[in-house]
$ cat target.cif   # mmCIF, C-alpha atoms and all ligand atoms
data_coords
loop_
_atom_site.label_atom_id
_atom_site.label_comp_id
_atom_site.auth_asym_id
_atom_site.auth_seq_id
_atom_site.Cartn_x
_atom_site.Cartn_y
_atom_site.Cartn_z
CA MET A 1 89.95 112.99 113.90
CA THR A 2 90.58 116.75 113.90
CA THR A 3 92.96 118.08 116.52
CA THR A 4 92.25 121.36 118.31
CA ARG A 5 95.38 123.37 119.11
CA SER A 6 96.23 126.46 121.07
CA GLY A 7 99.85 127.13 120.04
CA PRO A 8 101.22 130.02 117.94
CA THR A 9 99.99 130.36 114.35
CA LEU A 10 101.99 129.58 111.22
CA ALA A 11 100.82 130.51 107.73
CA VAL A 12 102.37 128.46 104.93
CA ILE A 13 102.14 129.96 101.44
CA GLY A 14 102.32 127.08 98.97
CA GLY A 15 100.79 123.61 99.18
CA GLY A 16 103.24 121.56 97.11
CA VAL A 17 105.37 118.87 98.68
CA ILE A 18 107.57 121.42 100.47
CA GLY A 19 104.77 123.54 101.94
CA GLY A 20 102.73 120.40 102.62
CA ILE A 21 105.37 118.53 104.60
CA CYS A 22 106.50 121.66 106.50
CA ALA A 23 102.88 122.38 107.44
CA LEU A 24 102.44 118.89 108.85
CA ALA A 25 105.79 118.91 110.70
CA ALA A 26 104.90 122.27 112.27
CA ALA A 27 101.42 121.04 113.28
CA ASP A 28 103.04 117.96 114.85
CA ALA A 29 105.33 120.37 116.76
CA GLY A 30 102.34 122.23 118.21
CA TRP A 31 101.76 125.10 115.74
CA ARG A 32 98.29 126.09 114.51
CA VAL A 33 98.85 125.96 110.77
CA HIS A 34 97.04 127.53 107.80
CA VAL A 35 98.08 126.67 104.22
CA TYR A 36 97.38 129.17 101.41
CA ASP A 37 97.61 127.68 97.93
CA ASP A 38 96.28 128.84 94.58
CA GLY A 39 95.75 125.39 93.13
CA PRO A 40 97.45 122.39 91.60
CA THR A 41 97.83 123.66 88.02
CA THR A 42 101.21 125.29 88.65
CA ARG A 43 102.49 122.70 91.13
CA ALA A 44 105.79 120.98 90.20
CA SER A 45 105.06 118.40 92.90
CA GLU A 46 102.10 117.03 90.86
CA VAL A 47 104.25 116.56 87.76
CA ALA A 48 107.40 115.02 89.29
CA GLY A 49 108.69 111.49 88.74
CA GLY A 50 109.02 110.87 92.48
CA MET A 51 112.51 109.37 92.42
CA LEU A 52 114.43 109.56 95.67
CA GLY A 53 117.52 110.26 93.60
CA THR A 54 120.58 110.48 95.81
CA LEU A 55 123.47 108.46 94.40
CA GLY A 56 122.19 109.09 90.88
CA GLU A 57 121.99 112.81 91.52
CA GLY A 58 125.59 112.93 92.73
CA HIS A 59 127.52 115.18 90.40
CA PRO A 60 131.06 116.50 90.89
CA GLY A 61 130.84 119.98 92.42
CA GLU A 62 127.53 119.21 94.14
CA ASP A 63 128.96 117.50 97.23
CA ASP A 64 126.75 119.47 99.67
CA LEU A 65 123.59 118.62 97.71
CA PHE A 66 124.65 114.97 97.69
CA ALA A 67 125.11 114.93 101.49
CA LEU A 68 121.75 116.67 102.01
CA SER A 69 120.00 114.19 99.71
CA VAL A 70 121.48 111.21 101.57
CA GLU A 71 120.38 112.75 104.91
CA SER A 72 116.87 113.43 103.62
CA THR A 73 116.36 110.02 101.98
CA ALA A 74 117.12 108.38 105.33
CA LEU A 75 114.22 110.36 106.86
CA TRP A 76 111.61 109.20 104.31
CA PRO A 77 110.70 105.81 105.90
CA SER A 78 109.50 107.44 109.13
CA TRP A 79 107.53 110.03 107.11
CA ILE A 80 105.87 107.27 105.09
CA GLU A 81 104.92 105.59 108.35
CA ARG A 82 103.61 108.95 109.67
CA LEU A 83 101.45 109.22 106.53
CA GLY A 84 100.01 105.74 107.03
CA ASP A 85 101.90 104.18 104.10
CA ALA A 86 98.97 104.48 101.60
CA GLY A 87 101.03 102.80 98.84
CA ILE A 88 103.28 105.85 98.59
CA ALA A 89 106.57 104.00 98.06
CA THR A 90 106.67 102.31 94.63
CA ALA A 91 110.29 101.07 94.50
CA ALA A 92 113.10 100.42 96.98
CA ASP A 93 116.14 100.42 94.68
CA SER A 94 117.40 101.91 91.41
CA LEU A 95 119.21 100.23 88.55
CA PHE A 96 121.53 102.42 86.48
CA VAL A 97 122.07 100.99 83.00
CA ALA A 98 124.03 101.86 79.84
CA THR A 99 123.91 100.59 76.27
CA THR A 100 127.21 101.83 74.82
CA ALA A 101 130.82 101.92 76.03
CA ALA A 102 130.65 105.73 76.31
CA ASP A 103 127.44 105.61 78.36
CA GLY A 104 128.99 102.90 80.55
CA GLU A 105 132.01 105.13 81.16
CA TYR A 106 129.69 107.99 82.20
CA LEU A 107 128.09 105.70 84.81
CA ARG A 108 131.52 104.59 86.06
CA GLN A 109 132.51 108.24 86.61
CA MET A 110 129.27 108.79 88.54
CA ALA A 111 130.11 105.73 90.67
CA GLN A 112 133.62 107.04 91.38
CA PHE A 113 132.14 110.31 92.66
CA VAL A 114 129.66 108.43 94.87
CA TRP A 115 132.26 106.03 96.28
CA ALA A 116 134.44 109.04 97.21
CA GLN A 117 131.60 110.48 99.35
CA GLN A 118 132.01 108.09 102.29
CA ILE A 119 128.84 106.13 101.80
CA PRO A 120 128.88 102.35 102.36
CA GLN A 121 130.46 100.79 99.23
CA ASP A 122 127.66 98.22 98.94
CA ARG A 123 125.07 100.97 98.33
CA LEU A 124 126.28 101.03 94.69
CA THR A 125 127.22 97.68 93.14
CA PRO A 126 128.51 97.12 89.58
CA MET A 127 126.27 94.78 87.53
CA ARG A 128 127.07 92.89 84.33
CA ALA A 129 124.52 92.54 81.50
CA ALA A 130 123.45 89.01 82.51
CA GLN A 131 122.94 90.08 86.14
CA ILE A 132 120.85 93.07 85.04
CA ARG A 133 118.57 90.98 82.84
CA ALA A 134 118.24 88.35 85.58
CA VAL A 135 116.63 90.95 87.89
CA GLU A 136 114.84 93.03 85.20
CA PRO A 137 114.09 90.66 82.30
CA ALA A 138 112.09 93.24 80.33
CA LEU A 139 115.16 95.40 79.69
CA SER A 140 116.66 95.44 76.18
CA THR A 141 119.44 93.05 75.21
CA ARG A 142 121.36 96.22 74.24
CA VAL A 143 121.88 97.00 77.95
CA ASN A 144 125.47 95.96 78.59
CA SER A 145 126.52 97.36 81.99
CA GLY A 146 125.19 99.09 85.06
CA PHE A 147 125.04 99.60 88.82
CA LEU A 148 122.48 98.67 91.46
CA ALA A 149 121.81 101.53 93.89
CA SER A 150 120.40 99.91 97.03
CA GLY A 151 117.89 101.92 99.03
CA GLU A 152 117.44 104.53 96.30
CA GLY A 153 113.74 104.06 95.62
CA ALA A 154 110.79 106.13 94.49
CA LEU A 155 107.51 107.53 95.75
CA ASP A 156 104.22 108.08 93.95
CA ASN A 157 104.23 111.87 94.30
CA ARG A 158 100.47 112.20 93.69
CA ARG A 159 99.67 109.65 96.39
CA LEU A 160 102.14 111.50 98.62
CA LEU A 161 100.33 114.82 98.10
CA ALA A 162 96.96 113.15 98.76
CA ALA A 163 98.33 111.53 101.94
CA LEU A 164 99.77 114.84 103.14
CA HIS A 165 96.42 116.51 102.52
CA ALA A 166 94.58 113.79 104.46
CA ALA A 167 97.09 114.06 107.32
CA HIS A 168 96.58 117.85 107.37
CA GLY A 169 92.88 117.29 107.95
CA GLU A 170 93.59 114.98 110.88
CA ALA A 171 96.23 117.32 112.36
CA GLY A 172 93.97 120.37 112.18
CA VAL A 173 95.86 122.15 109.36
CA HIS A 174 93.45 124.51 107.58
CA TRP A 175 93.60 124.91 103.79
CA HIS A 176 92.67 128.12 101.98
CA ARG A 177 92.39 127.86 98.19
CA MET A 178 93.60 131.35 97.38
CA ARG A 179 96.49 133.29 95.93
CA ILE A 180 98.55 135.51 98.22
CA ASP A 181 100.03 138.59 96.54
CA ASP A 182 101.75 140.13 99.55
CA VAL A 183 103.18 138.38 102.63
CA ALA A 184 102.06 141.39 104.70
CA ASP A 185 98.41 140.47 103.94
CA VAL A 186 98.73 137.19 105.87
CA ARG A 187 97.77 137.28 109.52
CA ALA A 188 99.88 134.82 111.53
CA ASP A 189 102.65 134.81 114.11
CA GLN A 190 105.04 133.31 111.55
CA VAL A 191 104.85 132.96 107.75
CA LEU A 192 106.65 130.32 105.70
CA VAL A 193 106.92 131.05 101.98
CA ALA A 194 107.16 127.67 100.20
CA ALA A 195 105.60 128.68 96.92
CA GLY A 196 108.01 127.02 94.46
CA MET A 197 108.41 129.26 91.39
CA GLY A 198 105.89 131.66 92.99
CA THR A 199 108.41 132.49 95.74
CA PRO A 200 110.36 135.36 94.09
CA ALA A 201 107.12 137.30 93.48
CA LEU A 202 106.53 137.23 97.25
CA LEU A 203 110.16 137.61 98.34
CA PRO A 204 112.01 139.63 95.68
CA ASP A 205 115.42 138.96 97.26
CA ILE A 206 115.02 135.26 96.48
CA SER A 207 116.03 134.52 92.92
CA LEU A 208 115.14 131.23 91.19
CA VAL A 209 115.76 129.89 87.70
CA PRO A 210 112.86 128.02 86.02
CA ALA A 211 113.91 124.71 84.42
CA LYS A 212 111.13 123.18 82.36
CA GLY A 213 110.82 119.40 82.16
CA GLU A 214 108.56 117.07 80.19
CA ILE A 215 107.43 113.77 81.66
CA LEU A 216 105.13 110.93 80.53
CA ARG A 217 102.80 108.58 82.34
CA LEU A 218 102.37 105.17 80.67
CA HIS A 219 99.73 102.71 81.88
CA ARG A 220 100.02 98.97 81.62
CA ASN A 221 97.19 97.13 79.83
CA ARG A 222 96.37 93.43 79.39
CA TYR A 223 98.83 93.11 76.48
CA SER A 224 101.75 94.68 78.30
CA VAL A 225 104.86 93.17 79.86
CA GLY A 226 105.19 93.74 83.59
CA VAL A 227 106.28 96.94 85.30
CA PRO A 228 109.99 96.98 86.38
CA GLN A 229 110.53 96.30 90.10
CA ARG A 230 113.17 99.02 90.40
CA VAL A 231 113.63 102.56 89.16
CA ILE A 232 115.50 102.19 85.85
CA ARG A 233 117.88 105.09 85.20
CA ALA A 234 119.39 104.75 81.76
CA ARG A 235 122.04 106.54 79.80
CA VAL A 236 121.14 106.23 76.10
CA GLU A 237 123.68 107.71 73.67
CA GLY A 238 124.37 110.66 75.93
CA HIS A 239 120.77 111.25 77.11
CA ASN A 240 119.38 110.39 80.51
CA VAL A 241 115.99 108.71 80.74
CA TYR A 242 114.31 107.12 83.73
CA LEU A 243 111.44 104.68 84.24
CA VAL A 244 109.77 104.97 87.64
CA PRO A 245 107.44 102.13 88.65
CA ARG A 246 103.86 102.91 89.61
CA ALA A 247 101.01 100.60 90.63
CA ASP A 248 99.47 101.06 87.15
CA GLY A 249 102.53 101.48 84.93
CA VAL A 250 105.62 103.67 84.69
CA VAL A 251 106.51 107.33 84.71
CA VAL A 252 109.04 108.20 81.98
CA GLY A 253 111.16 111.28 82.52
CA ALA A 254 112.43 113.78 82.04
CA THR A 255 113.69 116.48 79.73
CA GLN A 256 115.28 119.66 81.07
CA TYR A 257 115.40 123.10 79.45
CA GLU A 258 117.06 125.83 81.48
CA PRO A 259 116.33 128.67 81.77
CA PHE A 260 112.77 128.75 80.49
CA ALA A 261 109.75 131.01 80.72
CA ASP A 262 108.12 129.98 83.98
CA ASP A 263 104.57 130.10 82.62
CA ASP A 264 105.14 127.65 79.76
CA ARG A 265 103.88 124.27 80.94
CA ALA A 266 102.89 122.68 77.60
CA PRO A 267 104.78 119.50 76.66
CA GLN A 268 106.41 119.84 73.24
CA ALA A 269 106.25 117.12 70.58
CA GLY A 270 110.06 116.90 70.32
CA GLY A 271 110.55 116.29 74.05
CA VAL A 272 107.81 113.66 74.12
CA ALA A 273 109.28 111.93 71.03
CA ASP A 274 112.78 111.84 72.59
CA LEU A 275 111.51 110.40 75.87
CA LEU A 276 109.50 107.70 74.09
CA ALA A 277 112.43 106.80 71.81
CA ASP A 278 114.89 106.45 74.71
CA ALA A 279 112.43 104.64 76.99
CA THR A 280 111.45 102.04 74.37
CA GLU A 281 115.13 101.59 73.47
CA ILE A 282 115.77 100.52 77.08
CA MET A 283 112.52 98.60 77.58
CA PRO A 284 111.03 97.61 74.19
CA GLY A 285 107.86 96.20 75.80
CA LEU A 286 106.80 99.72 76.77
CA ARG A 287 105.51 100.08 73.18
CA THR A 288 102.40 98.17 74.27
CA TYR A 289 101.64 100.49 77.20
CA ASP A 290 98.95 103.19 76.95
CA LEU A 291 100.27 106.76 76.77
CA ALA A 292 98.05 108.11 79.55
CA GLU A 293 99.58 111.54 80.03
CA ALA A 294 102.24 113.83 78.59
CA GLY A 295 102.95 116.66 80.99
CA ALA A 296 105.47 119.33 81.79
CA GLY A 297 106.42 121.28 84.89
CA ILE A 298 108.87 123.89 86.03
CA ARG A 299 111.64 122.97 88.47
CA PRO A 300 112.31 125.90 90.84
CA CYS A 301 116.12 125.99 90.77
CA SER A 302 118.48 127.97 92.99
CA ALA A 303 121.81 129.27 91.67
CA ASP A 304 123.91 126.65 93.53
CA ALA A 305 121.39 123.73 93.30
CA LEU A 306 120.95 123.81 97.10
CA PRO A 307 117.50 124.55 98.54
CA ILE A 308 117.03 127.93 100.21
CA ILE A 309 115.81 127.21 103.75
CA GLU A 310 116.31 130.24 105.96
CA ARG A 311 114.80 132.99 108.04
CA VAL A 312 114.10 136.19 106.06
CA ASP A 313 113.08 138.37 109.02
CA ASP A 314 111.56 138.00 112.50
CA ARG A 315 108.23 136.82 111.08
CA THR A 316 109.09 135.29 107.70
CA LEU A 317 110.91 132.14 106.59
CA VAL A 318 111.51 130.68 103.14
CA ALA A 319 111.81 127.07 101.89
CA ALA A 320 112.21 127.08 98.12
CA GLY A 321 114.60 126.44 95.24
CA HIS A 322 114.55 122.63 95.44
CA GLY A 323 115.13 122.30 91.71
CA ARG A 324 115.17 118.71 90.49
CA ASN A 325 115.16 117.25 94.03
CA GLY A 326 112.12 118.57 95.90
CA ILE A 327 110.61 115.16 96.65
CA VAL A 328 113.95 113.83 97.93
CA LEU A 329 114.68 116.90 100.03
CA ALA A 330 111.23 117.38 101.58
CA PRO A 331 111.94 115.63 104.95
CA VAL A 332 115.20 117.46 105.63
CA THR A 333 113.50 120.73 104.66
CA ALA A 334 110.71 120.10 107.18
CA ALA A 335 113.25 119.33 109.93
CA ARG A 336 115.15 122.57 109.22
CA VAL A 337 112.01 124.69 109.07
CA VAL A 338 110.79 123.34 112.42
CA ALA A 339 114.25 124.08 113.90
CA LEU A 340 114.12 127.64 112.49
CA LEU A 341 110.65 128.13 113.98
CA GLY A 342 112.16 127.24 117.32
CA ALA A 343 109.48 124.68 118.07
C1 LIG A 401 109.44 116.94 85.09
C2 LIG A 401 109.87 117.00 86.54
C3 LIG A 401 110.31 115.83 87.16
C4 LIG A 401 110.73 115.88 88.49
N1 LIG A 401 111.11 114.70 89.10
C5 LIG A 401 111.55 114.72 90.38
C6 LIG A 401 111.95 113.52 91.02
O1 LIG A 401 111.91 112.43 90.42
N2 LIG A 401 112.39 113.59 92.32
C7 LIG A 401 112.46 114.77 92.99
O2 LIG A 401 112.89 114.79 94.16
N3 LIG A 401 112.04 115.93 92.42
C8 LIG A 401 111.60 115.93 91.13
N4 LIG A 401 111.21 117.09 90.52
C9 LIG A 401 111.35 118.35 91.27
C10 LIG A 401 110.19 118.57 92.21
O3 LIG A 401 108.97 118.37 91.52
C11 LIG A 401 110.26 119.99 92.79
O4 LIG A 401 111.53 120.25 93.33
C12 LIG A 401 109.23 120.13 93.92
O5 LIG A 401 107.97 119.69 93.48
C13 LIG A 401 109.14 121.57 94.40
O6 LIG A 401 108.11 121.61 95.36
P1 LIG A 401 107.53 122.97 95.92
O7 LIG A 401 106.51 122.61 96.94
O8 LIG A 401 108.67 123.86 96.28
O9 LIG A 401 106.86 123.67 94.64
P2 LIG A 401 105.47 123.35 93.92
O10 LIG A 401 105.19 121.90 93.91
O11 LIG A 401 105.51 124.04 92.60
O12 LIG A 401 104.39 123.98 94.87
C14 LIG A 401 104.29 125.39 95.03
C15 LIG A 401 102.83 125.69 95.33
O13 LIG A 401 102.74 127.06 95.69
C16 LIG A 401 101.59 127.60 95.08
N5 LIG A 401 101.79 129.03 94.96
C17 LIG A 401 102.73 129.69 94.25
N6 LIG A 401 102.60 131.02 94.40
C18 LIG A 401 101.56 131.20 95.25
C19 LIG A 401 100.94 132.35 95.79
N7 LIG A 401 101.38 133.59 95.50
N8 LIG A 401 99.86 132.21 96.62
C20 LIG A 401 99.42 130.96 96.92
N9 LIG A 401 99.97 129.83 96.42
C21 LIG A 401 101.03 129.96 95.60
C22 LIG A 401 101.50 126.88 93.74
O14 LIG A 401 100.19 126.91 93.20
C23 LIG A 401 101.92 125.46 94.13
O15 LIG A 401 100.80 124.70 94.51
C24 LIG A 401 110.73 117.08 89.21
C25 LIG A 401 110.25 118.25 88.60
C26 LIG A 401 109.83 118.21 87.29
C27 LIG A 401 109.30 119.46 86.63
#
$ encode --input "target.cif" --output "structure tokens" --more "lines below"
Ligand SMILES: Cc1cc2nc3c(=O)[nH]c(=O)nc-3n(C[C@H](O)[C@H](O)[C@H](O)COP(=O)(O)OP(=O)(O)OC[C@H]3O[C@@H](n4cnc5c(N)ncnc54)[C@H](O)[C@@H]3O)c2cc1C
Amino acid sequence: MTTTRSGPTLAVIGGGVIGGICALAAADAGWRVHVYDDGPTTRASEVAGGMLGTLGEGHPGEDDLFALSVESTALWPSWIERLGDAGIATAADSLFVATTAADGEYLRQMAQFVWAQQIPQDRLTPMRAAQIRAVEPALSTRVNSGFLASGEGALDNRRLLAALHAAHGEAGVHWHRMRIDDVADVRADQVLVAAGMGTPALLPDISLVPAKGEILRLHRNRYSVGVPQRVIRARVEGHNVYLVPRADGVVVGATQYEPFADDDRAPQAGGVADLLADATEIMPGLRTYDLAEAGAGIRPCSADALPIIERVDDRTLVAAGHGRNGIVLAPVTAARVVALLGA
């Protein structure tokens, strides 16, 4: 069902997860919304792992980002309901695991930071090796310690984008497959620039650092062991690797090179080799999975790791710079944009 509206008009430049969710939130608030997007090939939101990383993204010095991530994660269930579920959520919890004493110590320091942030203590529970293998039997016998992060799940980001697009159709949001080179060319009462790494070209005062990341998609076949039930976030000899469950397999991520040329989206052999080595170290049965896709994307990072969500002038707003956390931070971004619009 397409809704006909008569409210003020909002143009959203960028149709990734940030532009997409802001467009829908604004339409739900009564705006007539047009999305301008030049296509999926440069979209970080297509590439992402889809983890709702909150506790696991808590790093000393990033207390504000941590608080924002916790706030945003709590908003996801109502958004998933708004989008009609559509199999978007693929895991409800995360399991952090380590194989060496040094990696275990790294996880304990992460836990200390999280426990100091006034979240309920039972959100992050220490697990011994036997407890870990009891809940995830496919993990390597080398895994010797870890933590269960309750409520820190994952979304299938491609299903999410498809569901947002379908919801746009029903809410009367109009899509225009085109590139915008100048905000002044867009006719609308208000303009939201949510163009990921394309944002600085439209708003030169916004500066973002491109951080390239490689990521793999492995599909289960009839010879494979089962997909983990939880997001597995492993520390393997100083590297981080994660396995994110999907209906058809797992997403293995992710490398990070920063800064990097923002037009280089080819996965390199070395990054792919490292991800496969670490992933099969943690879950040996992954060797039987099909390597369906090796991809790379560019994380649009701000200088302080916080997203830039603000009014630029009377007609223009920006929502960009979500770095490694754009899927997590999408709901809180939409809420702030709608508040800035004054709807
Ligand atoms: C390897 C990797 C793994 C990641 N994993 C996670 C994860 O597990 N969890 C998480 O929360 N985040 C993750 N991220 C980060 C997340 O993907 C980004 O933060 C998020 O996708 C940014 O969304 P966006 O909508 O701002 O940008 P994008 O998704 O890049 O969308 C911007 C859109 O704007 C369009 N555009 C740009 N310029 C113009 C223009 N001039 N005119 C018209 N259209 C334009 C582009 O074509 C694109 O479609 C990951 C990122 C990478 C690279």
$ residues_around --input "target.cif" --residues "Leu107 (chain A)" --least-positions-apart "4" --cutoff "9 Å" --atoms "only C-alpha atoms" --output "list in words"
Phe96, Val97, Ala98, Ala102, Asp103, Ala111, Gln112, Ser145, Gly146, Phe147 and Arg235 of chain A
$ atom_distance --input "target.cif" --atom1 "CA of Glu57 (chain A)" --atom2 "CA of Leu216 (chain A)"
20.2 Å
$ residues_around --input "target.cif" --residues "Thr288 (chain A)" --least-positions-apart "3" --cutoff "8 Å" --atoms "all atoms listed in the file" --output "count of residues only"
6
$ residues_around --input "target.cif" --residues "region 116-122 of chain A" --least-positions-apart "4" --cutoff "10 Å" --atoms "all atoms listed in the file" --output "PyMOL selection string"
chain A and resi 55+58+63+66-67+70+111-112+126+148-150
$ residues_near_ligand --input "target.cif" --ligand "ligand LIG 401 (chain A)" --cutoff "6 Å" --atoms "only C-alpha atoms and all ligand atoms" --output "ChimeraX atom specification"
/A:13-19,36-40,42-45,47-52,178-181,194-196,198,212-215,254,296-299,320,322-328
$ closest_residue --input "target.cif" --among "A:Asp248, A:Glu81, A:Glu293, A:Glu46" --to "Pro267 (chain A)" --atoms "only C-alpha atoms"
A:Glu293
$ atom_distance --input "target.cif" --atom1 "CA of Gly270 (chain A)" --atom2 "CA of Met283 (chain A)"
19.8 Å
$ atom_distance --input "target.cif" --atom1 "CA of Val209 (chain A)" --atom2 "CA of Ala11 (chain A)"
25.0 Å
$ residues_around --input "target.cif" --residues "Ser6 (chain A)" --least-positions-apart "2" --cutoff "12 Å" --atoms "all atoms listed in the file" --output "PDB file with C-alpha atoms, keeping the file's coordinate frame"
ATOM      1  CA  THR A   3      92.960 118.080 116.520  1.00  0.00           C
ATOM      2  CA  THR A   4      92.250 121.360 118.310  1.00  0.00           C
ATOM      3  CA  PRO A   8     101.220 130.020 117.940  1.00  0.00           C
ATOM      4  CA  THR A   9      99.990 130.360 114.350  1.00  0.00           C
ATOM      5  CA  LEU A  10     101.990 129.580 111.220  1.00  0.00           C
ATOM      6  CA  ALA A  27     101.420 121.040 113.280  1.00  0.00           C
ATOM      7  CA  ALA A  29     105.330 120.370 116.760  1.00  0.00           C
ATOM      8  CA  GLY A  30     102.340 122.230 118.210  1.00  0.00           C
ATOM      9  CA  TRP A  31     101.760 125.100 115.740  1.00  0.00           C
ATOM     10  CA  ARG A  32      98.290 126.090 114.510  1.00  0.00           C
ATOM     11  CA  VAL A  33      98.850 125.960 110.770  1.00  0.00           C
ATOM     12  CA  GLY A 172      93.970 120.370 112.180  1.00  0.00           C
TER      13      GLY A 172
END
